[in-house]
>>> print(open('run24.cif').read())   # mmCIF, C-alpha atoms
data_start
#
loop_
_atom_site.group_PDB
_atom_site.id
_atom_site.type_symbol
_atom_site.label_atom_id
_atom_site.label_comp_id
_atom_site.auth_asym_id
_atom_site.auth_seq_id
_atom_site.Cartn_x
_atom_site.Cartn_y
_atom_site.Cartn_z
ATOM 1 C CA MET M 1 74.608 85.838 121.702
ATOM 2 C CA PRO M 2 76.477 89.177 121.667
ATOM 3 C CA GLU M 3 74.340 92.261 122.252
ATOM 4 C CA GLN M 4 74.460 95.695 120.691
ATOM 5 C CA PRO M 5 74.730 98.761 122.931
ATOM 6 C CA SER M 6 71.341 100.293 123.709
ATOM 7 C CA SER M 7 72.454 103.703 125.004
ATOM 8 C CA SER M 8 74.801 106.457 123.887
ATOM 9 C CA ARG M 9 77.081 105.619 126.809
ATOM 10 C CA GLY M 10 77.108 101.961 125.759
ATOM 11 C CA ALA M 11 77.807 102.962 122.162
ATOM 12 C CA ALA M 12 80.768 105.060 123.317
ATOM 13 C CA THR M 13 82.148 102.123 125.317
ATOM 14 C CA TYR M 14 81.602 99.803 122.359
ATOM 15 C CA GLN M 15 83.560 102.174 120.099
ATOM 16 C CA ARG M 16 86.375 102.506 122.644
ATOM 17 C CA ILE M 17 86.660 98.709 122.749
ATOM 18 C CA VAL M 18 86.794 98.551 118.951
ATOM 19 C CA ASP M 19 89.421 101.296 118.720
ATOM 20 C CA VAL M 20 91.660 99.824 121.414
ATOM 21 C CA ALA M 21 91.222 96.225 120.238
ATOM 22 C CA THR M 22 92.034 97.200 116.641
ATOM 23 C CA GLN M 23 95.435 98.458 117.773
ATOM 24 C CA GLU M 24 95.952 95.492 120.110
ATOM 25 C CA PHE M 25 95.205 92.914 117.414
ATOM 26 C CA ALA M 26 97.193 94.821 114.789
ATOM 27 C CA GLN M 27 100.250 94.790 117.050
ATOM 28 C CA TYR M 28 100.013 91.342 118.663
ATOM 29 C CA GLY M 29 97.715 89.212 116.492
ATOM 30 C CA ILE M 30 94.896 87.045 117.786
ATOM 31 C CA ALA M 31 96.960 84.754 120.006
ATOM 32 C CA GLY M 32 99.119 87.559 121.403
ATOM 33 C CA ALA M 33 96.335 90.059 122.099
ATOM 34 C CA ARG M 34 95.314 90.335 125.755
ATOM 35 C CA VAL M 35 91.764 91.060 126.861
ATOM 36 C CA GLU M 36 93.155 92.573 130.078
ATOM 37 C CA ARG M 37 95.056 95.227 128.102
ATOM 38 C CA ILE M 38 92.017 95.941 125.955
ATOM 39 C CA ILE M 39 89.615 96.444 128.851
ATOM 40 C CA ALA M 40 92.113 98.571 130.786
ATOM 41 C CA ALA M 41 92.779 100.891 127.839
ATOM 42 C CA ALA M 42 89.085 100.990 126.859
ATOM 43 C CA ARG M 43 88.064 101.754 130.470
ATOM 44 C CA THR M 44 85.551 98.919 130.655
ATOM 45 C CA ASN M 45 85.332 95.370 132.040
ATOM 46 C CA LYS M 46 85.312 91.797 130.749
ATOM 47 C CA ALA M 47 81.567 91.399 131.226
ATOM 48 C CA GLN M 48 80.854 94.346 128.963
ATOM 49 C CA LEU M 49 83.383 93.272 126.328
ATOM 50 C CA TYR M 50 82.032 89.719 126.294
ATOM 51 C CA GLY M 51 78.461 91.016 126.314
ATOM 52 C CA TYR M 52 79.108 93.061 123.180
ATOM 53 C CA PHE M 53 81.389 90.655 121.316
ATOM 54 C CA GLY M 54 81.118 87.157 122.808
ATOM 55 C CA ASN M 55 84.831 86.347 123.168
ATOM 56 C CA LYS M 56 88.273 87.462 121.967
ATOM 57 C CA GLU M 57 88.012 85.608 118.647
ATOM 58 C CA GLN M 58 84.600 87.125 117.908
ATOM 59 C CA LEU M 59 85.973 90.565 118.781
ATOM 60 C CA PHE M 60 88.779 90.043 116.263
ATOM 61 C CA ASP M 61 86.273 88.888 113.628
ATOM 62 C CA ALA M 62 84.051 91.934 114.182
ATOM 63 C CA ILE M 63 87.021 94.263 113.763
ATOM 64 C CA PHE M 64 88.571 92.364 110.866
ATOM 65 C CA PHE M 65 85.370 92.162 108.820
ATOM 66 C CA ALA M 66 84.660 95.841 109.459
ATOM 67 C CA SER M 67 88.163 96.599 108.140
ATOM 68 C CA LEU M 68 87.428 94.622 104.961
ATOM 69 C CA GLU M 69 84.199 96.564 104.538
ATOM 70 C CA ARG M 70 86.134 99.818 104.926
ATOM 71 C CA ILE M 71 88.641 98.948 102.223
ATOM 72 C CA THR M 72 85.878 97.566 99.974
ATOM 73 C CA ASN M 73 83.701 100.657 100.331
ATOM 74 C CA VAL M 74 86.204 103.487 100.779
ATOM 75 C CA VAL M 75 88.416 102.452 97.877
ATOM 76 C CA SER M 76 85.824 101.585 95.272
ATOM 77 C CA ILE M 77 87.173 99.935 92.157
ATOM 78 C CA ASP M 78 87.292 101.547 88.740
ATOM 79 C CA ALA M 79 88.169 98.688 86.406
ATOM 80 C CA THR M 80 88.705 101.133 83.538
ATOM 81 C CA ASP M 81 91.513 102.733 85.580
ATOM 82 C CA LEU M 82 93.074 100.036 87.738
ATOM 83 C CA ALA M 83 96.253 102.116 87.967
ATOM 84 C CA ASP M 84 94.409 104.899 89.777
ATOM 85 C CA TRP M 85 92.669 102.321 91.979
ATOM 86 C CA SER M 86 96.035 100.861 92.975
ATOM 87 C CA VAL M 87 97.252 104.332 94.002
ATOM 88 C CA ARG M 88 94.119 104.890 96.092
ATOM 89 C CA LEU M 89 94.790 101.537 97.789
ATOM 90 C CA TYR M 90 98.375 102.646 98.456
ATOM 91 C CA ASP M 91 97.016 105.774 100.150
ATOM 92 C CA GLU M 92 94.549 103.762 102.219
ATOM 93 C CA TYR M 93 97.338 101.490 103.463
ATOM 94 C CA LEU M 94 99.336 104.589 104.438
ATOM 95 C CA SER M 95 96.461 106.112 106.377
ATOM 96 C CA ARG M 96 95.371 102.856 108.061
ATOM 97 C CA PRO M 97 98.321 100.460 108.379
ATOM 98 C CA ASP M 98 96.471 98.680 111.188
ATOM 99 C CA LEU M 99 93.947 97.339 108.663
ATOM 100 C CA ILE M 100 96.676 95.622 106.654
ATOM 101 C CA ARG M 101 98.215 94.192 109.815
ATOM 102 C CA LEU M 102 94.831 92.737 110.807
ATOM 103 C CA ALA M 103 94.584 91.014 107.427
ATOM 104 C CA THR M 104 98.116 89.687 107.866
ATOM 105 C CA TRP M 105 97.298 88.202 111.270
ATOM 106 C CA ALA M 106 94.127 86.657 109.832
ATOM 107 C CA ARG M 107 96.252 85.069 107.110
ATOM 108 C CA LEU M 108 98.888 83.812 109.555
ATOM 109 C CA GLU M 109 96.582 82.590 112.307
ATOM 110 C CA ARG M 110 93.346 81.694 110.561
ATOM 111 C CA ARG M 111 93.629 81.004 106.812
ATOM 112 C CA PRO M 112 97.180 80.239 105.687
ATOM 113 C CA ALA M 113 96.027 79.135 102.209
ATOM 114 C CA GLY M 114 93.290 79.979 99.745
ATOM 115 C CA HIS M 115 91.010 82.980 100.052
ATOM 116 C CA LEU M 116 91.534 85.208 103.074
ATOM 117 C CA VAL M 117 87.848 85.017 104.041
ATOM 118 C CA ALA M 118 85.344 82.235 103.544
ATOM 119 C CA ASP M 119 82.724 84.639 102.158
ATOM 120 C CA HIS M 120 85.113 86.197 99.621
ATOM 121 C CA ASP M 121 82.329 86.547 97.030
ATOM 122 C CA HIS M 122 80.743 89.233 99.210
ATOM 123 C CA TYR M 123 83.890 91.355 98.899
ATOM 124 C CA ASP M 124 85.088 90.429 95.405
ATOM 125 C CA ASP M 125 82.060 89.820 93.173
ATOM 126 C CA HIS M 126 81.473 93.415 92.090
ATOM 127 C CA LYS M 127 85.209 93.902 91.489
ATOM 128 C CA LEU M 128 85.465 90.756 89.394
ATOM 129 C CA ARG M 129 82.407 91.724 87.353
ATOM 130 C CA ALA M 130 83.866 95.186 86.731
ATOM 131 C CA ILE M 131 87.183 93.688 85.592
ATOM 132 C CA ALA M 132 85.433 91.137 83.340
ATOM 133 C CA GLU M 133 83.369 93.930 81.742
ATOM 134 C CA ALA M 134 86.510 96.022 81.143
ATOM 135 C CA GLN M 135 88.190 92.958 79.605
ATOM 136 C CA ALA M 136 85.187 92.307 77.341
ATOM 137 C CA ALA M 137 85.356 95.944 76.188
ATOM 138 C CA GLY M 138 89.066 95.527 75.394
ATOM 139 C CA ARG M 139 90.117 98.070 78.045
ATOM 140 C CA ILE M 140 92.394 95.743 80.034
ATOM 141 C CA ARG M 141 94.311 92.535 79.364
ATOM 142 C CA LYS M 142 92.642 89.166 79.209
ATOM 143 C CA GLY M 143 93.101 86.614 81.976
ATOM 144 C CA ASP M 144 91.245 85.371 84.984
ATOM 145 C CA PRO M 145 89.638 88.469 86.566
ATOM 146 C CA PHE M 146 90.586 87.226 90.028
ATOM 147 C CA ASP M 147 94.248 86.922 89.026
ATOM 148 C CA VAL M 148 94.194 90.462 87.604
ATOM 149 C CA LEU M 149 92.627 91.708 90.852
ATOM 150 C CA ALA M 150 95.177 89.853 92.996
ATOM 151 C CA MET M 151 98.092 91.202 90.960
ATOM 152 C CA VAL M 152 96.937 94.834 91.170
ATOM 153 C CA ILE M 153 96.346 94.564 94.927
ATOM 154 C CA ALA M 154 99.782 92.978 95.409
ATOM 155 C CA MET M 155 101.419 95.796 93.460
ATOM 156 C CA SER M 156 99.588 98.395 95.539
ATOM 157 C CA MET M 157 100.951 96.736 98.690
ATOM 158 C CA ALA M 158 104.609 96.921 97.592
ATOM 159 C CA TRP M 159 105.380 99.484 100.341
ATOM 160 C CA SER M 160 102.650 98.473 102.785
ATOM 161 C CA PRO M 161 103.166 97.203 106.362
ATOM 162 C CA VAL M 162 103.354 93.659 104.960
ATOM 163 C CA SER M 163 106.091 94.411 102.441
ATOM 164 C CA ASN M 164 109.054 92.037 102.545
ATOM 165 C CA VAL M 165 111.257 94.865 101.312
ATOM 166 C CA TYR M 166 110.205 98.227 102.778
ATOM 167 C CA ALA M 167 107.213 99.423 104.811
ATOM 168 C CA ALA M 168 106.333 103.062 104.137
ATOM 169 C CA THR M 169 104.736 105.378 106.676
ATOM 170 C CA ALA M 170 102.618 108.502 106.368
ATOM 171 C CA GLU M 171 105.397 110.453 108.112
ATOM 172 C CA GLU M 172 107.745 110.142 105.133
ATOM 173 C CA PRO M 173 108.140 113.146 102.791
ATOM 174 C CA ALA M 174 105.201 113.798 100.457
ATOM 175 C CA SER M 175 107.619 113.887 97.512
ATOM 176 C CA LEU M 176 108.625 110.286 98.232
ATOM 177 C CA HIS M 177 104.994 109.158 98.232
ATOM 178 C CA ASP M 178 104.363 111.045 94.988
ATOM 179 C CA GLN M 179 107.361 109.286 93.425
ATOM 180 C CA ARG M 180 105.991 105.888 94.470
ATOM 181 C CA ARG M 181 102.478 106.753 93.260
ATOM 182 C CA THR M 182 103.862 107.697 89.847
ATOM 183 C CA LEU M 183 105.847 104.456 89.615
ATOM 184 C CA LEU M 184 102.908 102.363 90.821
ATOM 185 C CA ARG M 185 100.482 104.018 88.410
ATOM 186 C CA ASP M 186 102.852 103.444 85.484
ATOM 187 C CA CYS M 187 103.628 99.815 86.381
ATOM 188 C CA VAL M 188 99.984 98.861 86.904
ATOM 189 C CA SER M 189 98.988 100.616 83.667
ATOM 190 C CA ARG M 190 101.563 98.590 81.766
ATOM 191 C CA ALA M 191 100.683 95.333 83.550
ATOM 192 C CA VAL M 192 96.976 95.521 82.776
ATOM 193 C CA ALA M 193 97.186 97.102 79.322
ATOM 194 C CA PRO M 194 95.465 95.023 76.656
ATOM 195 C CA ASP M 195 97.730 92.945 74.464
ATOM 196 C CA PRO M 196 97.965 94.811 71.133
ATOM 197 C CA GLY M 197 98.226 91.494 69.301
ATOM 198 C CA ALA M 198 95.047 90.076 70.851
#
>>> encode(input="run24.cif", output="structure tokens")
Amino acid sequence: MPEQPSSSRGAATYQRIVDVATQEFAQYGIAGARVERIIAAARTNKAQLYGYFGNKEQLFDAIFFASLERITNVVSIDATDLADWSVRLYDEYLSRPDLIRLATWARLERRPAGHLVADHDHYDDHKLRAIAEAQAAGRIRKGDPFDVLAMVIAMSMAWSPVSNVYAATAEEPASLHDQRRTLLRDCVSRAVAPDPGA
């Protein structure tokens, strides 16, 4: 059973492992990541890494689920303004491209079909309820709340590290990001607008 650090020095080592392993997994995936590189860069040893995390797969899971928590909590949904939410997601992907890469590796190496995580209700329930409430109030279009959620997230990822067309970076001119935010906001607004004939 993995243990939690019990001292400030242990906590610092734990955090170094997480920081280094996040970059390692984001770059190489689960299969390609190397524990030897992680422990060297984190200035620790295998015994400590395994003591804190169990094994390489459990280390990936700890980092991946923490990244889902970050996106869930940092970019809280506003179902009455899904366009603004999509822009805030865009900004989060710019500031933390490693989080999107982790999700991509999880999709490629762990769950190629269906929901990305087995416990998806934990991450999606409050979002789906918010969308359903906005639909009931006539604020956004009808349809399966999960499909609306998936579509808005996909639109927000149009320029993310997993884009099949173009991956944006934070180093690009601010004016370019503003242009994309404006386009994204407008497209999502139109996509989720209630049907006037309904």
>>> resolve_selection(input="run24.cif", expression="the PyMOL selection byres ((chain M and resi 100) around 12)", output="PyMOL selection string")
chain M and resi 22-23+25-27+29+64+67-68+70-71+89-90+92-99+101-107+153-154+156-157+159-163+167
>>> resolve_selection(input="run24.cif", expression="the PyMOL selection byres ((chain M and resi 4-16) around 12)", output="list in words")
Met1, Pro2, Glu3, Ile17, Val18, Asp19, Val20, Ala21, Thr22, Gln23, Ile38, Ile39, Ala40, Ala41, Ala42, Arg43, Thr44, Asn45, Gln48, Leu49, Tyr50, Gly51, Tyr52, Phe53, Gly54, Leu59, Ala62 and Ile63 of chain M
>>> atom_distance(input="run24.cif", atom1="CA of Met155 in chain M", atom2="CA of Ala168 in chain M")
13.8 Å
>>> atom_distance(input="run24.cif", atom1="CA of Ala193 in chain M", atom2="CA of Ile140 in chain M")
5.0 Å
>>> atom_distance(input="run24.cif", atom1="CA of Val152 in chain M", atom2="CA of Ser86 in chain M")
6.4 Å
>>> closest_residue(input="run24.cif", among="M:Asp78, M:Asp178, M:Asp195, M:Glu57", to="Glu109 in chain M", atoms="all atoms listed in the file")
M:Glu57
>>> resolve_selection(input="run24.cif", expression="the PyMOL selection byres ((chain M and resi 132) around 12)", output="list in words")
Asp78, Ala79, Thr80, Asp125, His126, Lys127, Leu128, Arg129, Ala130, Ile131, Glu133, Ala134, Gln135, Ala136, Ala137, Gly138, Arg139, Ile140, Arg141, Lys142, Gly143, Asp144, Pro145, Phe146, Asp147, Val148 and Leu149 of chain M
>>> closest_residue(input="run24.cif", among="M:Ala113, M:Ala174, M:Met151, M:Ala83", to="Arg190 in chain M", atoms="all atoms listed in the file")
M:Ala83
>>> closest_residue(input="run24.cif", among="M:Phe60, M:Leu184, M:Ala66, M:Ser76", to="Gly32 in chain M", atoms="only C-alpha atoms")
M:Phe60
>>> closest_residue(input="run24.cif", among="M:Ala33, M:Leu82, M:Ala47, M:Val87", to="Gln179 in chain M", atoms="all atoms listed in the file")
M:Val87
